[in-house]
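Trainee: One structure follows; several queries about it will come next.
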Amino acid sequence: MTHYEPVIGLEVHAQIHTASKMFCRCPVVEDTGDLEPNTYVCPVCTAMPGTLPVINRRAVELTIMTGLALNCEILPVSRFARKSYFYPDLPKGYQISQHGLPLARDGYLEIDTENGPRRVRIDNVHLEEDTGKLFHVGNVSLVDFNRAGVPLIEIVTKPDMRSAEEVRAFAVKLREILVYLGVNSGDMEKGVMRFEASVSVRPVGSDELMPRHEIKNLNSFRALARAVAYEIEQQIKTLESGGRVTQETMGWDDARGVTYTQRTKEYAHDYRYFPEPDLPPLEVSREWVESLRRQLPELPDARRARFRAEYGLGDFETELLVADRAVADYFETAVGLGKVSPKTLANWITGDLFRLMKETRRGIDEIPVSPEGLVDLIRRVEEGTVNLNTGREILEEMVATGKEARQIIEEKGLAQISDEVALREIIEQVLDQHPAQVEQYLGGKTQVAGWLMGQVMKATRGRANPQLVRSLLTEALEARREAR
Amino acid sequence: MNLYELTIHEARRLLDAGEVSAEELTEAVLARILEVDNDVQAYITLMPEEALEQARAIDAGGGSGAPLRGIPLAVKDVLCTAGVPTTCGSRILENFIPPYDATVVARLRAAGAIIIGKTNTDEFAMGSSTENSAFFPTHNPWDLSRVPGGSSGGSAAAVAAGECLGALGTDTGGSVRQPAALCGVVGLKPTYGRVSRYGLVAFASSLDQVGVLTKDVTDAAIVLGVIAGHDPMDSTSVDAPVPDYTAALTGDIRGMRVGVPKEYFIEGMQPEVEEAVRAAVDQLADLGAEVVEVSLPHTDYALPVYYLIAPAEASANLARYDGVRYGLRVQGTDLEETYKATRGRGFGPEVKRRIMLGTYALSAGYYDAYYLKAQKVRTLIKQDFDRAFEQVDVIVAPTTPTTAFRLGEKVDDPLQMYLSDVFTLSMNLAGICGLSLPCGFDRQGLPIGMQVIGPAFGEETVLRVAYAYEQATEWHKRRCGL
């Protein structure tokens with residue numbers, strides 16, 4: 001029986017969240033779904049007659065930086081081109097893209113696979129513009145151009161991936177890099193990243209490239225991995241039953257979990273690319289590239305290695321912290337204050353803070369707790385002003401209200417009771433109320449002390465300093481033994 | 001003398017001296033339009049109320065010191081005017097009202113000009129006679145049975161007939177210079193990048209340039225000075241300082257070298273045109289210029305190269321007219337039918353012809369043989385000029401092979417029509433500047449145009465030579481008999 005090997009390449013489109021659109025001054029606004037249609041538009045991005053594009057410099061810079069992060073060569077001269085097709089969401093009847101002379105090409109990204117690290121080669125990284133969005137209401141179609149002209153970075157790989165898992169690993173890692181570079185938020189639900197996978201299978205040992213299926217518009221890692229896995233399975237089935245795979249463009253039906261044919265090869269578009277005459281060739285000087293290289297942030301892999309070495313963190317915590325650049329930055333800011341150990345901070349962040357972020361569906365830069373605020377709280381716990389459990393409650397309150405720990409402690413009177421006189425008084429009361437348990441203790445059942453301690457904590461609503469309570473309680477019980 | 005017969009610089013003097021008001025001048029021009037435009041049909045849209053209101057504001061002291069203050073000008077209807085229809089001579093944009101001014105229009109307004117109307121054009125500036133206008137043809141004021149040339153025929157005719165003091169046109173392959181020649185006025189096509197294209201409805205983006213049509217060379221220098229200069233909205237506009245073009249008008253061309261290209265005197269051209277241009281060259285020599293024969297060996301390829309590149313760019317530029325966002329929409333049963341019906345009814349035959357030519361030239365399998373090859377030959381044509389301008393300051397040639405032809409004479413023969421631009425296409429392909437000015441009349445009393453061609457950003461040199469010739473001759477003083 002023949003064994004088959006999948007051959008998979010990816011095209012990834014990612015929105016670039018610059019202040020303004022690719023070729024005009026309209027702001028780039030992340031699609032939250034409740035935006036009034038056609039409010040972020042101008043004559044340029046709606047293709048009014050006579051309008052002309054002007055290149056967004058920042059979008060070019062972020063594309064070059066992505067190229068550098070993906071180990072690409074940056075071309076000294078690149079060109080924009082027109083890609084022509086008719087569709088109502090494409091205002092000019094052509095998309096300004098790059099063709100032949102992209103900003104960056106010939107790079108790679110290393111991913112971890114079950115067989116060890118693998119290099120996925122990058123064919124090119126280029127810049128283009130997004131289209132508008134169509135809505136179908138009954139038998140009417142409406143178009144919204146808020147998204148039209150938003151800069152898009154397109155990353156095209158060589159057909160170097162061999163399984164759906166590898167494809168997923170690549171996509172996850174690429175997303176991480178784009179977020180680290182500040183290209184976009186990485187928020188897949190808002191459609192800031194979209195994938196197109198081209199899948200073919202061939203007998204193991206062959207190095208031939210077989211006719212492929214291009215699966216369009218995959219908007220999540222899950223859809224991407226499922227669609228690729230499905231295609232692999234279908235193509236193997238087709239070949240095993242003696243059929244042939246022909247080149248086709250496929251759609252993905254997420255609900256049914258199947259791909260379906262959109263276009264066969266005969267109906268393939270002829271995009272009639274030609275150099276965009278409205279934009280002169282884009283010259284990228286060595287100096288510009290080098291200054292962008294210096295601006296590159298530490299990338300996720302390097303940061304992981306450093307977190308393990310410098311802070312002594314384990315793989316798991318490191319992964320949790322580094323996966324989101326904002327979290328890693330937050331952590332490092334907190335560590336940098338020099339008041340709390342990295343390990344303790346990692347526990348607080350990946351434990352309680354993550355839970356609270358998840359519950360309130362907010363990112364770390366959206367919650368009102370600053371690294372300074374968190375460190376201040378942890379210090380209060382470590383110094384014994386509040387105990388650990390109270391500290392966790394205070395954090396919840398901080399996330400909910402944006403107040404500082406000190407304020408919450410004062411307002412709610414949560415400061416730990418370390419006043420020995422007061423505690424002694426409470427302990428005496430508790431012992432008086434529970435003579436049976438005191439008797440058991442004095443009779444040698446010393447574990448009852450734990451229960452009595454719980455009663456003291458309850459009486460102080462958890463505010464008592466536990467170490468102090470423990471020693472004072474033992475003292476009081478022993479005093480009763482002597483008094484007998 | 002009637003006020004509408006004034007040049008811009010003459011009117012400037014009278015306005016500044018308070019001898020004439022802007023309102024009087026504007027009214028004189030509007031009255032002239034009422035008198036002759038039924039016959040000439042230069043205008044698609046007139047803006048009499050706005051023009052008079054603006055004139056009164058200027059008379060009340062507005063815009064003092066601005067170079068075109070109170071001067072009534074016309075604008076070709078492919079240049080966007082905020083709130084005023086901009087049709088491009090096409091059904092597809094018949095009801096289109098732009099929300100913004102083209103940069104050149106904004107600059108005219110800022111310079112105090114009074115825009116009195118939008119002039120007729122071949123549809124999307126595709127044509128050489130203004131007969132491709134979807135609305136009506138414009139007539140040549142020197143002989144109403146003849147074409148004014150095109151595509152800026154409306155602007156050229158309006159200037160020639162005194163229906164404005166000057167006008168803006170656009171020149172993609174000769175569309176300012178050729179109608180200027182046929183209407184006996186001055187037409188200047190600046191260097192590609194000298195003037196912003198923002199708001200110029202694109203025909204062929206790498207060739208289009210806004211130009212000026214005026215009664216004499218001085219006026220051309222004045223208007224160019226207003227519209228030239230870098231525009232951040234047009235990435236192909238060049239950030240080079242704008243000189244005072246009128247300072248170039250010295251009348252002295254002694255020692256300048258004038259090239260005469262042998263390829264521009266061809267078989268089949270009207271003998272009177274050749275005679276007039278040769279006589280003009282002699283005149284330049286009399287004025288102290290040194291005349292040199294030069295060669296532009298790739299001239300024959302200009303026409304085929306142009307008719308690959310211009311339609312290719314046009315095929316993409318005109319894709320936006322899909323009935324979705326503005327302009328004509330003819331509803332079909334589905335999306336594709338709507339596209340077909342809208343574009344089928346919205347575009348005229350010449351526009352369709354060029355869209356098809358261009359689509360073909362860019363198609364997979366043909367791109368290398370047509371579009372790419374044409375770009376390579378374009379480079380050769382540009383190099384011809386580079387070499388020639390190593391030897392000479394300007395090149396002088398006929399603007400057109402013939403004087404104005406009859407309406408209807410060439411409409412059914414696109415190739416014959418294309419050939420009327422044979423002497424003007426090369427400058428657009430090379431991206432350099434050229435100016436046409438009157439250099440005589442044929443036996444039927446039709447104007448003959450001579451082209452003064454300069455290198456990129458050589459407008460001052462071109463204006464200097466043209467002005468010296470103009471001052472030594474009387475052609476520019478003749479007015480049509482209307």
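Residue names in the structure tokens use chain letters A, B, ... in the order shown, residue numbers from 1 in each chain, and ligand numbers from 1 in the order shown.
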If we count only C-alpha atoms and set the cut-off at 10 Å, which residues sit around Tyr87 in chain A, ignoring sequence neighbours fewer than 2 positions away in its own chain? Please answer as a PyMOL selection string.

Mentor: (chain A and resi 84-85+89-94+131-132+134) or (chain B and resi 320+322+324+335-336+339)

Trainee: Selection from above, N, CA and C atoms, as an mmCIF file, in the first residue's frame, can you write it?

Mentor:
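Output below, filename result.cif:
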```cif
data_model
loop_
_atom_site.group_PDB
_atom_site.id
_atom_site.type_symbol
_atom_site.label_atom_id
_atom_site.label_comp_id
_atom_site.auth_asym_id
_atom_site.auth_seq_id
_atom_site.Cartn_x
_atom_site.Cartn_y
_atom_site.Cartn_z
ATOM 1 N N SER A 84 -6.253 43.099 -11.074
ATOM 2 C CA SER A 84 -7.580 43.493 -11.541
ATOM 3 C C SER A 84 -8.601 42.374 -11.430
ATOM 4 N N TYR A 85 -9.727 42.668 -10.842
ATOM 5 C CA TYR A 85 -10.921 41.817 -10.929
ATOM 6 C C TYR A 85 -12.122 42.645 -10.484
ATOM 7 N N ASP A 89 -16.982 44.701 -3.518
ATOM 8 C CA ASP A 89 -16.237 45.151 -2.327
ATOM 9 C C ASP A 89 -14.872 45.731 -2.689
ATOM 10 N N LEU A 90 -14.548 45.713 -3.980
ATOM 11 C CA LEU A 90 -13.246 46.211 -4.445
ATOM 12 C C LEU A 90 -13.485 47.521 -5.197
ATOM 13 N N PRO A 91 -13.326 48.667 -4.521
ATOM 14 C CA PRO A 91 -13.809 49.919 -5.118
ATOM 15 C C PRO A 91 -13.149 50.281 -6.442
ATOM 16 N N LYS A 92 -11.863 50.087 -6.600
ATOM 17 C CA LYS A 92 -11.193 50.536 -7.820
ATOM 18 C C LYS A 92 -11.333 49.552 -8.973
ATOM 19 N N GLY A 93 -11.832 48.351 -8.690
ATOM 20 C CA GLY A 93 -11.821 47.318 -9.727
ATOM 21 C C GLY A 93 -10.445 46.683 -9.843
ATOM 22 N N TYR A 94 -9.526 47.128 -9.014
ATOM 23 C CA TYR A 94 -8.228 46.463 -8.873
ATOM 24 C C TYR A 94 -7.748 46.687 -7.452
ATOM 25 N N THR A 131 -10.064 44.789 1.179
ATOM 26 C CA THR A 131 -11.288 45.167 0.458
ATOM 27 C C THR A 131 -12.331 45.618 1.470
ATOM 28 N N GLY A 132 -13.488 46.039 0.957
ATOM 29 C CA GLY A 132 -14.621 46.316 1.838
ATOM 30 C C GLY A 132 -15.297 45.018 2.220
ATOM 31 N N LEU A 134 -19.092 42.805 2.193
ATOM 32 C CA LEU A 134 -20.445 42.714 1.660
ATOM 33 C C LEU A 134 -21.397 42.126 2.698
ATOM 34 N N ARG B 320 -13.352 51.080 -12.179
ATOM 35 C CA ARG B 320 -14.137 51.561 -11.031
ATOM 36 C C ARG B 320 -15.546 51.980 -11.420
ATOM 37 N N ASP B 322 -18.469 50.859 -12.102
ATOM 38 C CA ASP B 322 -19.175 49.581 -12.064
ATOM 39 C C ASP B 322 -20.615 49.740 -11.605
ATOM 40 N N VAL B 324 -21.638 50.671 -8.751
ATOM 41 C CA VAL B 324 -21.864 50.340 -7.337
ATOM 42 C C VAL B 324 -21.937 51.600 -6.474
ATOM 43 N N LEU B 335 -25.397 40.275 -10.466
ATOM 44 C CA LEU B 335 -24.241 41.173 -10.403
ATOM 45 C C LEU B 335 -23.583 41.328 -11.768
ATOM 46 N N GLU B 336 -23.286 40.195 -12.400
ATOM 47 C CA GLU B 336 -22.574 40.253 -13.672
ATOM 48 C C GLU B 336 -23.391 40.988 -14.733
ATOM 49 N N TYR B 339 -23.166 44.679 -14.091
ATOM 50 C CA TYR B 339 -21.898 45.207 -14.613
ATOM 51 C C TYR B 339 -21.993 45.410 -16.128
#
```

Trainee: Find the spatial neighbours of range 273-286 of chain B, counting only C-alpha atoms, within a cut-off of 12 Å - ignore same-chain residues fewer than 6 positions away - and output them as JSON, numbers by chain.

Mentor: {"B": [181, 182, 251, 252, 253, 254, 255, 256, 257, 258, 259, 260, 261, 262, 264, 265, 266, 267, 292, 293, 394, 395, 396, 397, 398, 399, 400, 401, 402, 403, 404, 436, 437, 438, 439, 440, 441, 442, 443, 446, 447, 448, 449, 450, 451, 452, 464, 465, 466, 467, 468, 469, 470, 471, 472, 473, 475]}

Trainee: I'd like the contact shell of Leu178 in chain A - 10 Å cut-off, only C-alpha atoms, skipping same-chain residues fewer than 5 positions apart - returned as a ChimeraX atom specification.

Mentor: /A:14-16,62-63,65-66,69,153,173,183-186,193,299

Trainee: How close does chain B get to chain A? List, as CSV, each residue of chain B within 6 Å, its nearest atom pair and the distance in Å to one decimal, counting only C-alpha atoms.

Mentor:
```
residue,atom,partner,partner_atom,distance
B:Tyr198,CA,A:Thr51,CA,5.7
B:Gly199,CA,A:Gly50,CA,4.0
B:Leu200,CA,A:Gly50,CA,4.7
B:Val201,CA,A:Gly50,CA,3.8
B:Ala202,CA,A:Gly50,CA,5.8
B:Ser205,CA,A:Pro277,CA,5.8
B:Ser206,CA,A:Pro277,CA,5.5
B:Ser235,CA,A:Leu279,CA,6.0
B:Ala319,CA,A:Gly93,CA,4.8
B:Arg320,CA,A:Lys92,CA,4.5
B:Leu362,CA,A:Arg272,CA,5.2
B:Ser363,CA,A:Arg272,CA,5.3
```

Trainee: Taking C-alpha atoms for each residue, export the selection above as a compact mmCIF listing (two decimals), in the first residue's frame.

Mentor:
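Dumped to result24.txt:
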```
# COMPACT_ATOMS: atom_id res chain seq x y z
CA TYR B 198 -4.98 64.56 -8.10
CA GLY B 199 -8.57 65.07 -9.22
CA LEU B 200 -7.76 64.55 -12.89
CA VAL B 201 -9.97 61.61 -13.78
CA ALA B 202 -7.40 59.12 -14.99
CA SER B 205 -1.86 57.38 -15.39
CA SER B 206 1.74 57.30 -16.61
CA SER B 235 3.07 60.57 -5.46
CA ALA B 319 -12.76 49.44 -13.89
CA ARG B 320 -14.14 51.56 -11.03
CA LEU B 362 -2.32 42.73 -20.13
CA SER B 363 -3.73 39.22 -20.39
```

Trainee: Pick out the closest residue to Arg32 in chain B from this set: B:Ile114, B:Val330, B:Cys433, B:Leu482. Count only C-alpha atoms.

Mentor: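 The shortest atom-to-atom distance to Arg32 in chain B comes from B:Leu482.
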
Trainee: Quick one: residues within 9 Å of Val430 in chain A, only C-alpha atoms, excluding same-chain residues fewer than 4 positions away - as a PDB file with N, CA and C atoms, in the first residue's frame?

Mentor:
```pdb
ATOM      1  N   GLU A 425      -7.413  38.847  72.988  1.00  0.00           N
ATOM      2  CA  GLU A 425      -8.796  38.995  73.451  1.00  0.00           C
ATOM      3  C   GLU A 425      -9.734  38.098  72.650  1.00  0.00           C
ATOM      4  N   ILE A 426      -9.561  38.111  71.321  1.00  0.00           N
ATOM      5  CA  ILE A 426     -10.420  37.291  70.451  1.00  0.00           C
ATOM      6  C   ILE A 426     -10.201  35.804  70.740  1.00  0.00           C
ATOM      7  N   HIS A 434     -15.759  27.484  73.171  1.00  0.00           N
ATOM      8  CA  HIS A 434     -15.610  26.091  72.753  1.00  0.00           C
ATOM      9  C   HIS A 434     -14.863  25.272  73.807  1.00  0.00           C
ATOM     10  N   PRO A 435     -15.424  25.124  74.988  1.00  0.00           N
ATOM     11  CA  PRO A 435     -14.737  24.407  76.076  1.00  0.00           C
ATOM     12  C   PRO A 435     -14.476  22.936  75.724  1.00  0.00           C
ATOM     13  N   LEU A 452      -9.495  25.241  66.028  1.00  0.00           N
ATOM     14  CA  LEU A 452      -9.662  26.455  66.835  1.00  0.00           C
ATOM     15  C   LEU A 452      -9.095  27.673  66.104  1.00  0.00           C
ATOM     16  N   GLN A 455     -11.539  28.998  63.753  1.00  0.00           N
ATOM     17  CA  GLN A 455     -12.574  29.787  64.414  1.00  0.00           C
ATOM     18  C   GLN A 455     -12.085  31.217  64.664  1.00  0.00           C
ATOM     19  N   VAL A 456     -10.806  31.316  65.028  1.00  0.00           N
ATOM     20  CA  VAL A 456     -10.244  32.662  65.271  1.00  0.00           C
ATOM     21  C   VAL A 456     -10.239  33.461  63.960  1.00  0.00           C
ATOM     22  N   ALA A 459     -13.627  34.568  63.194  1.00  0.00           N
ATOM     23  CA  ALA A 459     -14.033  35.682  64.053  1.00  0.00           C
ATOM     24  C   ALA A 459     -13.420  37.000  63.585  1.00  0.00           C
TER      25      ALA A 459
END
```

Trainee: Between A:Glu287, A:Glu5, A:Glu366, A:Asp123, which has the minimum distance to Gly205 in chain A (counting only C-alpha atoms)?

Mentor: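 Answer, going by the shortest atom-to-atom distance: A:Glu5.
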